[in-house]
Number of protein chains: 2
Amino acid sequence: MSTQPLQMTTADHLRQALDGRWAHIREASREQLADPRFLDDPNLPLDEARALALAQMQELAKTDWPATGFSADHGGTGDPGGAVTGIEMMAFANLSLMVKAGVQWGLFGGAVENLGTARHHEKYIRPLIDLELLGCFAMTEIGHGSDVQALETTATYDTATGEIVVHSPTPSATKDYIGGAALHARMAAVFAQLITDGESHGVHCVLVPIRDEDGNDLPGVRTEDDGLKGGLRGVDNGRITFDNVRVPRENLLNKYGDIDVDGVYTSPIDHLGRRFFTMLGTLIRGRVSVAGSAGSATRLALEIAVRYATQRRQFDVPDGQEVLIMDYLAHQRRLLPLIARSYALGFAQNQLVSDMHDLQVAEDPDRHAQRELEGRAAGIKAATTWHATRAIQEAREACGGAGYMAENRLTTLKADTDVFTTFEGDNTVLTQLVAKELLTAYADEVSDFGAVGWLRFVAETITGTLRERSAVSTFIQSLLDSSDEKVEDADLAQSSTQLRLLEFRADHLLETAARRLRGAAKNPDNDLDDDGEVDDFEAFNSVQDHILAAGAAHIDRVVLESFLEAIDACADEDTAALLADVCTLFTLSTIEADKAWFMEHRMLSVERAKAVTRHLNELCRTLRPHALTLVEGFGIPQVLLNSAMLDGPGTDAVRLAAD
Amino acid sequence: MSTQPLQMTTADHLRQALDGRWAHIREASREQLADPRFLDDPNLPLDEARALALAQMQELAKTDWPATGFSADHGGTGDPGGAVTGIEMMAFANLSLMVKAGVQWGLFGGAVENLGTARHHEKYIRPLIDLELLGCFAMTEIGHGSDVQALETTATYDTATGEIVVHSPTPSATKDYIGGAALHARMAAVFAQLITDGESHGVHCVLVPIRDEDGNDLPGVRTEDDGLKGGLRGVDNGRITFDNVRVPRENLLNKYGDIDVDGVYTSPIDHLGRRFFTMLGTLIRGRVSVAGSAGSATRLALEIAVRYATQRRQFDVPDGQEVLIMDYLAHQRRLLPLIARSYALGFAQNQLVSDMHDLQVAEDPDRHAQRELEGRAAGIKAATTWHATRAIQEAREACGGAGYMAENRLTTLKADTDVFTTFEGDNTVLTQLVAKELLTAYADEVSDFGAVGWLRFVAETITGTLRERSAVSTFIQSLLDSSDEKVEDADLAQSSTQLRLLEFRADHLLETAARRLRGAAKNPDNDLDDDGEVDDFEAFNSVQDHILAAGAAHIDRVVLESFLEAIDACADEDTAALLADVCTLFTLSTIEADKAWFMEHRMLSVERAKAVTRHLNELCRTLRPHALTLVEGFGIPQVLLNSAMLDGPGTDAVRLAAD
């Protein structure tokens with residue numbers, strides 16, 4: 001393993017801060033993955049790109065990492081945080097590898113681990129760690145992606161034979177976009193409505209073999225290749241249709257619902273909706289991994305763009321040398337706030353992984369904390385993947401024509417991460433979920449309402465103070481309490497002021513959303529349905545933009561809290577001071593993007609609003625000399641940058657070499 | 001040709017409004033291009049994709065269209081507006097074809113047509129129209145893309161032999177990203193510093209044969225393949241390096257600068273910078289074509305997304321059917337304002353093409369009008385291509401996982417148009433150019449200053465009122481004059497109020513930018529250079545964000561004016577009323593995006609600011625029933641939508657068929 005350098009640079013300190021609790025996993029990954037064998041090659045034909053990702057996964061199977069995600073009792077090493085961190089690091093090399101590994105060990109393996117019982121663990125965990133068993137995760141259907149409770153696939157118990165019959169009753173019940181389904185997977189974890197004796201018990205997961213050893217579809221199974229996608233060429237996504245496929249009763253992953261030989265259904269959770277969301281909740285790791293990987297891809301793109309901008313010159317100054325493009329204010333304004341947001345989201349991700357780990361290894365995890373974590377994972381996944389889409393796009397544009405060449409990496413990063421805003425939960429639906437969880441105070445009773453149904457709950461139950469905030473740390477509370485100055489007058493450069501502004505926005509949006517929902521539900525102007533009741537959909541829909549704003553504002557607040565705690569934990573004084581500037585850049589650019597809201601709610605006067613923009617420009621000037629240090633702090637092995645233009649012709653490296 | 005339907009629908013009227021002056025070209029294109037032969041196939045290997053685009057271009061060469069761009073004297077039909085409109089229509093089929101055709105007939109052909117003289121026209125125009133001569137446009141170098149005046153390639157006249165020696169003196173002088181250079185082009189229009197007798201006359205264009213009939217590089221020429229790009233797989237971009245390649249003196253395109261046999265240089269334009277920008281100005285068609293094509297690709301993506309959203313359902317309403325995703329407010333908010341902006345930019349594009357056409361066919365075009373047009377083309381190119389990047393991304397996300405499948409078109413549209421924000425002028429540089437032209441009142445003297453140099457001009461010359469606005473139509477002026485109510489109190493639903501708000505912002509930003517530039521140049525706090533002078537770069541840089549905002553605000557204003565004039569010209573009352581709502585959606589969403597600015601400048605009170613958002617939500621509800629009509633109005637032949645998911649499983653079409 002690596003040793004600490006004797007004299008740590010600021011970049012080293014930054015990396016240490018971002019590495020966080022699983023620094024040892026990151027260091028090991030850096031050594032293992034910093035190898036051109038793990039890179040992607042966008043020039044490969046589709047079949048070879050898929051073969052490459054599989055071969056890379058097989059290389060990974062030789063390391064200790066795949067076992068980290070599984071309990072020691074089942075053949076693993078029981079380190080969920082390490083498992084997720086490893087996925088995050090993989091994203092620096094090849095995003096197709098990351099997705100393929102995430103499907104195998106995270107989603108498929110996670111379903112067996114978390115929804116199965118001893119009989120499944122004994123039989124499948126070790127083989128799936130070792131890739132003797134390749135699996136896929138067959139949840140999404142053509143007809144239903146976001147609304148998973150409405151899946152159409154059925155799993156019907158046949159008492160006569162003791163088998164479960166898995167079936168796709170309609171064209172839209174076809175499983176689609178399933179990673180591994182086109183080619184490599186031999187078994188599918190199939191989510192389907194479990195039916196015994198004509199009664200449905202909601203969505204459960206059943207293991208269904210889909211291919212023989214030669215790769216042929218098994219009887220009753222029809223797989224199809226999704227073909228070319230916008231990116232992720234190494235992932236063999238496909239469709240699966242089931243025509244009354246029979247599997248033994250034992251293939252039901254039966255931790256949260258079981259059938260005995262006579263077809264009698266039992267479950268430790270009576271409430272159908274709560275059962276379903278408990279099952280979904282155990283699969284949180286997928287969402288956390290996608291957020292982490294999106295973070296990695298974004299840092300990679302920003303490092304490439306900053307390195308290019310500190311080598312590339314354009315336009316003379318009068319009587320002088322051409323100007324480095326990083327020295328233009330406009331270039332600083334487009335890249336530096338994105339770097340700041342990457343730091344912010346990185347710290348929030350670390351906190352999320354750490355909390356997830358602690359809950360997943362706990363003997364008796366707190367139910368309320370779990371729901372809070374699920375909401376936070378949803379929100380950080382949405383925030384980080386939208387940030388990836390925006391920041392990688394900006395990085396591409398900031399590198400001009402060179403940025404459009406595949407050999408310079410940015411277009412592949414953009415294409416590969418593009419679906420991250422969609423898979424593991426559509427970002428709009430997830431942002432809504434964040435607000436829903438807050439509005440309903442994580443109440444179990446509302447977990448099975450659709451996107452509209454919970455309106456009634458909100459409308460009927462919330463009267464006074466909305467919720468008790470869970471788990472604000474002492475440090476954050478002390479910051480909030482540290483000033484009795486009115487926030488409208490306090491110093492914008494102070495973290496306590498920034499925190500109070502983001503807290504105010506989040507609280508206010510949530511409270512007013514609740515009030516509007518109650519009002520809308522009771523507004524006689526709303527359309528009435530056939531029973532003369534207020535049309536809940538109309539009532540919900542009239543407030544949807546407000547609900548989404550509340551969800552997003554909550555996440556900004558949580559992210560800022562993580563950032564401030566990370567600065568507090570940073571031992572090196574200079575690094576902490578630099579991070580404080582980066583944090584201010586993050587917060588003020590967040591405020592600037594929603595400046596009108598703060599003005600509308602009298603939190604910013606006209607003069608202070610203008611000062612925000614001035615302050616941002618000054619911060620860019622202040623941080624410009626640290627631009628390279630900040631991207632070095634991302635801790636990306638240089639061989640993984642894999643961008644031909646860096647140090648190429650037209651950059652300072654070549655010009656200086658020619659001198 | 002098509003005949004007008006007896007009973008025109010609203011969609012027909014919308015299409016007529018958007019079709020504008022070159023409706024006949026659009027109709028002809030619809031008939032010619034609505035053929036699967038002209039579609040792209042993202043599954044083809046790179047070499048076949050390139051061969052396909054070439055074959056499609058050869059099909060086009062059989063039509064009348066390629067001749068439209070060239071003067072009747074040279075073998076064309078003299079219809080520049082028709083030429084550009086044809087390119088715009090091609091973008092519905094295959095963006096690689098559009099770029100390849102644009103390079104051949106627009107850029108290469110345009111250089112010969114506009115920079116050459118009779119000897120070139122006679123020899124090359126007809127062959128290049130007929131594709132007997134395939135050319136490329138070799139301007140950009142590895143080291144210089146935005147700053148074309150600083151190109152390093154040299155074209156040195158050798159009096160001894162009467163030849164011009166074309167040479168790449170450094171690695172960064174290599175021509176790069178040149179469409180056609182990798183494979184198909186036989187001749188290059190090479191931009192190089194013209195040198196006679198040791199003296200440079202600035203950048204000129206020289207025709208250099210680069211390949212023989214068998215496709216081999218000619219002696220002294222080295223071409224390389226740029227390989228895979230982010231998109232545009234059908235375009236064979238490449239690099240060209242010249243090692244003292246000799247061509248006859250006659251190969252200099254000599255309209256704006258000539259050398260006689262003794263090497264004596266003459267030009268009708270003495271001023272070096274003015275000469276260069278006059279030459280560049282004649283090439284405006286490329287920029288206009290890119291804007292038009294970006295507009296087409298965006299409309300295509302939005303039509304696909306809206307059609308999908310009106311077929312796709314997700315989440316139950318209580319006791320009811322699942323909800324069409326187009327019925328969610330959040331979905332309306334993400335798509336409808338983009339449709340409105342597409343209409344707005346479409347009308348502005350039509351105005352631009354029309355004005356360009358009139359100037360290009362005029363005997364003695366007005367110099368001031370030309371500069372205004374160049375600035376407008378730059379601004380509309382930037383606005384439309386940024387809109388494309390954002391809107392196509394949003395359309396992809398709005399279609400979820402299906403949107404990520406290549407067979408559904410959106411990812412290809414995104415990838416192919418991605419470089420549009422870069423080529424034919426980087427959007428940031430172009431937006432700056434818009435402001436520069438306004439600030440310097442199109443003064444010829446400042447045309448050769450770099451991005452910084454014009455600061456001195458601005459600082460030294462502008463004292464009072466900034467500029468006289470050119471060419472505000474009587475109609476717009478009457479709208480501006482139609483109310484003496486203060487704009488802060490006037491009705492936001494009125495077009496006159498909206499116009500006055502956007503005019504105020506544009507004027508105010510420009511005036512204050514000028515004031516700040518003057519102030520910055522005279523501010524003793526600014527860094528001094530070695531001569532004790534204010535550092536012009538620092539002065540410029542401190543105001544760069546303000547300058548860019550002024551450029552963008554000017555374009556918004558120009559776009560709104562075009563929209564209002566198009567509504568005024570619309571004869572059908574219902575259609576005009578619908579367009580008025582669309583226009584309000586465009587303007588209010590533009591204002592909402594910059595709402596803080598209007599509040600900071602006391603143009604919107606807190607209450608009115610909140611009303612803007614409410615108004616937008618109401619407009620979405622009003623326009624929802626017209627969503628399909630609005631995309632039908634884009635006039636895209638349905639065979640060119642080429643999106644497998646439309647009417648597929650999981651949509652209403654299949655559900656209803658199954659009923």
# chains A, B, ... in the order shown; residues from 1 in each chain; ligands from 1
call {"tool": "closest_atom_pairs", "arguments": {"of": "chain A", "to": "chain B", "cutoff": "6 Å", "atoms": "only C-alpha atoms", "output": "Markdown table"}}
result
| residue | atom | partner | partner_atom | distance |
| --- | --- | --- | --- | --- |
| A:Ile142 | CA | B:Gly650 | CA | 5.7 |
| A:Gly143 | CA | B:Gly650 | CA | 4.3 |
| A:Asp147 | CA | B:Phe315 | CA | 5.8 |
| A:Pro171 | CA | B:Pro649 | CA | 5.8 |
| A:Ser172 | CA | B:Gly650 | CA | 4.8 |
| A:Leu228 | CA | B:Ala406 | CA | 5.4 |
| A:Lys229 | CA | B:Met405 | CA | 4.4 |
| A:Gly230 | CA | B:Thr411 | CA | 5.0 |
| A:Phe315 | CA | B:Asp147 | CA | 5.8 |
| A:Leu329 | CA | B:Asn541 | CA | 5.8 |
| A:Ala330 | CA | B:Asp545 | CA | 5.9 |
| A:Gly400 | CA | B:Thr422 | CA | 5.7 |
| A:Tyr404 | CA | B:Gly230 | CA | 5.3 |
| A:Met405 | CA | B:Lys229 | CA | 4.4 |
| A:Ala406 | CA | B:Lys229 | CA | 4.7 |
| A:Thr411 | CA | B:Gly230 | CA | 5.0 |
| A:Thr422 | CA | B:Gly400 | CA | 5.7 |
| A:Asn541 | CA | B:Leu329 | CA | 5.8 |
| A:Asp545 | CA | B:Ala330 | CA | 6.0 |
| A:Lys595 | CA | B:Ala596 | CA | 5.8 |
| A:Ala596 | CA | B:Ala596 | CA | 4.3 |
| A:Glu600 | CA | B:Val606 | CA | 5.0 |
| A:Val606 | CA | B:Glu600 | CA | 5.0 |
| A:Pro649 | CA | B:Ser172 | CA | 5.2 |
| A:Gly650 | CA | B:Gly143 | CA | 4.3 |
call {"tool": "write_last_selection", "arguments": {"atoms": "C-alpha atoms", "output": "JSON list (two decimals), in the first residue's frame"}}
result
[["chain", "number", "residue", "atom", "x", "y", "z"],
["A", 142, "ILE", "CA", -41.29, -1.13, -21.13],
["A", 143, "GLY", "CA", -44.50, 0.14, -19.58],
["A", 147, "ASP", "CA", -43.81, 3.48, -11.11],
["A", 171, "PRO", "CA", -46.07, -6.32, -24.61],
["A", 172, "SER", "CA", -45.48, -3.53, -22.12],
["A", 228, "LEU", "CA", -26.81, 0.83, -29.62],
["A", 229, "LYS", "CA", -27.43, 3.36, -26.87],
["A", 230, "GLY", "CA", -26.36, 6.95, -26.34],
["A", 315, "PHE", "CA", -5.85, 35.97, -28.39],
["A", 329, "LEU", "CA", -13.05, 35.69, -16.28],
["A", 330, "ALA", "CA", -15.70, 34.01, -18.43],
["A", 400, "GLY", "CA", -13.64, 23.75, -28.09],
["A", 404, "TYR", "CA", -15.29, 17.09, -29.46],
["A", 405, "MET", "CA", -12.62, 14.55, -30.45],
["A", 406, "ALA", "CA", -13.25, 11.14, -28.89],
["A", 411, "THR", "CA", -17.57, 13.18, -25.33],
["A", 422, "THR", "CA", -32.65, 8.42, -15.57],
["A", 541, "ASN", "CA", -50.30, 19.20, -10.20],
["A", 545, "ASP", "CA", -43.13, 22.88, -9.38],
["A", 595, "LYS", "CA", -31.25, 34.86, -6.52],
["A", 596, "ALA", "CA", -34.72, 36.01, -7.49],
["A", 600, "GLU", "CA", -38.76, 37.73, -3.46],
["A", 606, "VAL", "CA", -31.16, 44.71, -4.30],
["A", 649, "PRO", "CA", 0.55, 20.58, -30.03],
["A", 650, "GLY", "CA", -0.98, 23.98, -29.44]]
call {"tool": "residues_around", "arguments": {"residues": "Val261 in chain B", "least_positions_apart": "3", "cutoff": "8 Å", "atoms": "only C-alpha atoms", "output": "PDB file with C-alpha atoms, in the first residue's frame"}}
result
ATOM      1  CA  THR B 159       8.928  35.525 -57.626  1.00  0.00           C
ATOM      2  CA  GLY B 162       5.656  32.562 -59.962  1.00  0.00           C
ATOM      3  CA  ARG B 249      -0.009  32.208 -58.292  1.00  0.00           C
ATOM      4  CA  VAL B 264       3.589  43.226 -55.993  1.00  0.00           C
TER       5      VAL B 264
END
call {"tool": "closest_residue", "arguments": {"among": "B:Leu39, B:Leu18, B:Ile129, B:Val631", "to": "Ile339 in chain B", "atoms": "only C-alpha atoms"}}
result
B:Val631
call {"tool": "residues_around", "arguments": {"residues": "Thr241 in chain A", "least_positions_apart": "3", "cutoff": "8 Å", "atoms": "only C-alpha atoms", "output": "ChimeraX atom specification"}}
result
/A:167-168,173-175,221-223
call {"tool": "write_last_selection", "arguments": {"atoms": "N, CA and C atoms", "output": "short mmCIF file (atom, residue, chain, number, x, y, z; two decimals), in the first residue's frame"}}
result
data_model
loop_
_atom_site.label_atom_id
_atom_site.label_comp_id
_atom_site.auth_asym_id
_atom_site.auth_seq_id
_atom_site.Cartn_x
_atom_site.Cartn_y
_atom_site.Cartn_z
N HIS A 167 -44.37 -14.79 -15.82
CA HIS A 167 -45.02 -14.54 -17.11
C HIS A 167 -45.12 -13.05 -17.42
N SER A 168 -44.97 -12.74 -18.70
CA SER A 168 -45.16 -11.37 -19.19
C SER A 168 -46.51 -11.32 -19.90
N ALA A 173 -45.22 -5.44 -20.57
CA ALA A 173 -44.64 -6.12 -19.41
C ALA A 173 -43.22 -6.60 -19.67
N THR A 174 -42.79 -6.52 -20.91
CA THR A 174 -41.42 -6.94 -21.25
C THR A 174 -40.42 -6.16 -20.43
N LYS A 175 -39.48 -6.89 -19.81
CA LYS A 175 -38.40 -6.23 -19.09
C LYS A 175 -37.50 -5.54 -20.12
N VAL A 221 -38.18 -18.32 -22.32
CA VAL A 221 -37.52 -17.01 -22.16
C VAL A 221 -37.16 -16.48 -23.54
N ARG A 222 -37.47 -15.21 -23.80
CA ARG A 222 -37.01 -14.61 -25.04
C ARG A 222 -36.23 -13.34 -24.70
N THR A 223 -34.96 -13.32 -25.05
CA THR A 223 -34.17 -12.10 -24.83
C THR A 223 -33.95 -11.41 -26.16
#
call {"tool": "atom_distance", "arguments": {"atom1": "CA of Gln332 in chain B", "atom2": "CA of Gln351 in chain B"}}
result
28.5 Å
call {"tool": "closest_residue", "arguments": {"among": "B:Pro625, B:Gly20, B:Gly375, B:Gly551", "to": "Met326 in chain B", "atoms": "only C-alpha atoms"}}
result
B:Pro625
